[in-house]
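What follows is a single structure, written as structure tokens, with notes after it.
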Amino acid sequence: MKLNVAVQMDPIARINIGGDSTFALLLEAQERGHAVSYYTPDKLSLRGDEVVAPVQKLDVRDEPGNHFTLGEPRRESLSGFDVVLLRQDPPFDLAYITSTHLLERIHPKTLVVNDPASVRNAPEKIFVMDFPHLMPPTLISRDLDEINGFRAEHGAVVMKPLHGHGGAAVFRVMPQDMNFGSLFDMFSVTFREPWVIQRFLPEVKRGDKRIILVDGEFAGAVNRVPAADDLRSNMVRGGAAQAADLTSREREICAELGPALRQRGLLFVGIDVIDDYLTEINVTSPTGIRAVSRLGGPDVAAKIWDVIDNKRAAG
């Protein structure tokens, strides 16, 4: 069954195809004979009851520096597509939230992956708080007294913005840390929303495991080890990717999350686990597909398209 697919993503000219999960999905869609069109989030419009965008025919190649060709823009109603891939990167701001409201108007007649209402209602660092028993002690707050009480109880903590991404503005704060006052002031000025304060897990030095779930089932994993002089294991911050298997505890985490993800229509999800503790559930634009494949793991892109194809065939 050949599908008519649109992808809502950031400018394709800027992506690093060696690590970009969206690019892996586009390659697989093209391999299956699906017709792929492209547009950027700023081009999405709602006119009356019609969601439209100036889409362009997209052809992709796994060739750095020569990875795509675009056709001429043509204004189309997104309700005419079989599938829309919602794959723009955060920040998860009002522009992002607005795009989910617009795409919600065409889903599920047009299958939007992931479900836009669930993406909106499941921010990575808040949705995970539905499973506190799987997590390290975690506080979401910008109240100084609450944060100081949490620090007094747990010692070293990690402090990061609630809607941050890619390891930006992630700090370890030690007990009696003389930088905390300045850091608190900087966060207060920079971020209007609350922040995440989480007990520091020293075993992060051994890696932060990205586990990919497809329609609620384990599909692949990669361990991301931070550089010696960095807290952050994100590959865009210099983390090194290693092949990974799951521990028994990680399998339990996947089994518990699976039904909740399926219920919400979150088909492609990346969870982060450190030392058998769940730390994030990434639903906006998860990464890791190409790293898993490069390290000899499963073809996650094929698994995702198998599910999409089956859902479309079932109507």
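FYI, nothing fancy with the structure tokens labels: chains A, B, ... in order, residues from 1 per chain, ligands from 1 as they appear.
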- Message: Can you pull out every residue from range 106-139 of chain A that DSSP, working from the backbone, puts in alpha helix (DSSP H), and format the result as a VMD selection string?
- Response: chain A and resid 116 to 121 124 to 127
Which residues come within 12 Å of Val173 in chain A, counting only C-alpha atoms, excluding same-chain residues fewer than 4 positions away, as an mmCIF file with C-alpha atoms, in the first residue's frame?
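So part.cif came out as:
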data_model
loop_
_atom_site.group_PDB
_atom_site.id
_atom_site.type_symbol
_atom_site.label_atom_id
_atom_site.label_comp_id
_atom_site.auth_asym_id
_atom_site.auth_seq_id
_atom_site.Cartn_x
_atom_site.Cartn_y
_atom_site.Cartn_z
ATOM 1 C CA ILE A 147 14.237 23.757 46.077
ATOM 2 C CA ASN A 148 16.432 24.299 49.134
ATOM 3 C CA PHE A 150 14.825 19.227 48.279
ATOM 4 C CA ARG A 151 18.572 19.874 48.164
ATOM 5 C CA ALA A 152 18.874 19.480 51.917
ATOM 6 C CA HIS A 154 18.991 14.701 48.633
ATOM 7 C CA GLY A 155 22.399 16.401 48.477
ATOM 8 C CA ALA A 156 23.813 16.749 44.981
ATOM 9 C CA VAL A 157 21.115 17.476 42.402
ATOM 10 C CA VAL A 158 20.764 18.148 38.693
ATOM 11 C CA MET A 159 18.938 21.335 37.746
ATOM 12 C CA LYS A 160 17.566 21.888 34.239
ATOM 13 C CA ASP A 177 27.472 24.937 46.258
ATOM 14 C CA MET A 178 28.612 28.579 46.186
ATOM 15 C CA ASN A 179 27.336 28.934 42.611
ATOM 16 C CA PHE A 180 23.748 28.037 43.486
ATOM 17 C CA GLY A 181 22.607 31.591 44.241
ATOM 18 C CA SER A 182 23.860 32.882 40.900
ATOM 19 C CA LEU A 183 22.426 29.860 39.096
ATOM 20 C CA PHE A 184 19.035 30.398 40.748
ATOM 21 C CA ILE A 197 15.472 19.473 40.133
ATOM 22 C CA GLN A 198 16.450 15.819 40.354
ATOM 23 C CA ARG A 199 18.685 13.806 42.649
ATOM 24 C CA PHE A 200 22.060 13.448 40.939
ATOM 25 C CA LEU A 201 22.804 9.912 39.793
ATOM 26 C CA LEU A 231 27.730 15.939 32.833
#
- Shortest contact to Ala24 in chain A, candidates A:Ala53, A:Leu78, A:Leu261, A:Ala291, atoms counted only C-alpha atoms, goes to A:Ala291
- Task: Find the spatial neighbours of range 210-225 of chain A, counting only C-alpha atoms, within a cut-off of 9 Å - ignore same-chain residues fewer than 6 positions away - and output them as a PyMOL selection string.
- Result: chain A and resi 204+232-235+238-246+250-251+254-255+257-262+265-273+286-289+291-293+295+297-300+303-304+307
- Message: As an exercise, work out the distance from CA of Gln30 in chain A to CA of Pro116 in chain A in Å and give it to one decimal place.
- Response: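 Going from CA of Gln30 in chain A over to CA of Pro116 in chain A, I get 23.5 Å.
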- Item | Residue nearest Arg105 in chain A - candidates A:Gly48, A:Pro202, A:Gly296, A:Pro64, atoms counted: only C-alpha atoms |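 Closest to Arg105 in chain A, using only C-alpha atoms: A:Gly48.
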- Residue with smallest distance to Asp115 in chain A - pool A:Arg264, A:Lys43, A:His165, A:Arg74, counting only C-alpha atoms: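 Smallest separation from Asp115 in chain A among the options: A:Arg264.
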- Task: Please identify all polymer residues within 7 Å of Thr284 in chain A, counting only C-alpha atoms, omitting same-chain residues fewer than 4 positions from it, and present them as a ChimeraX atom specification.
- Result: /A:87,89,119
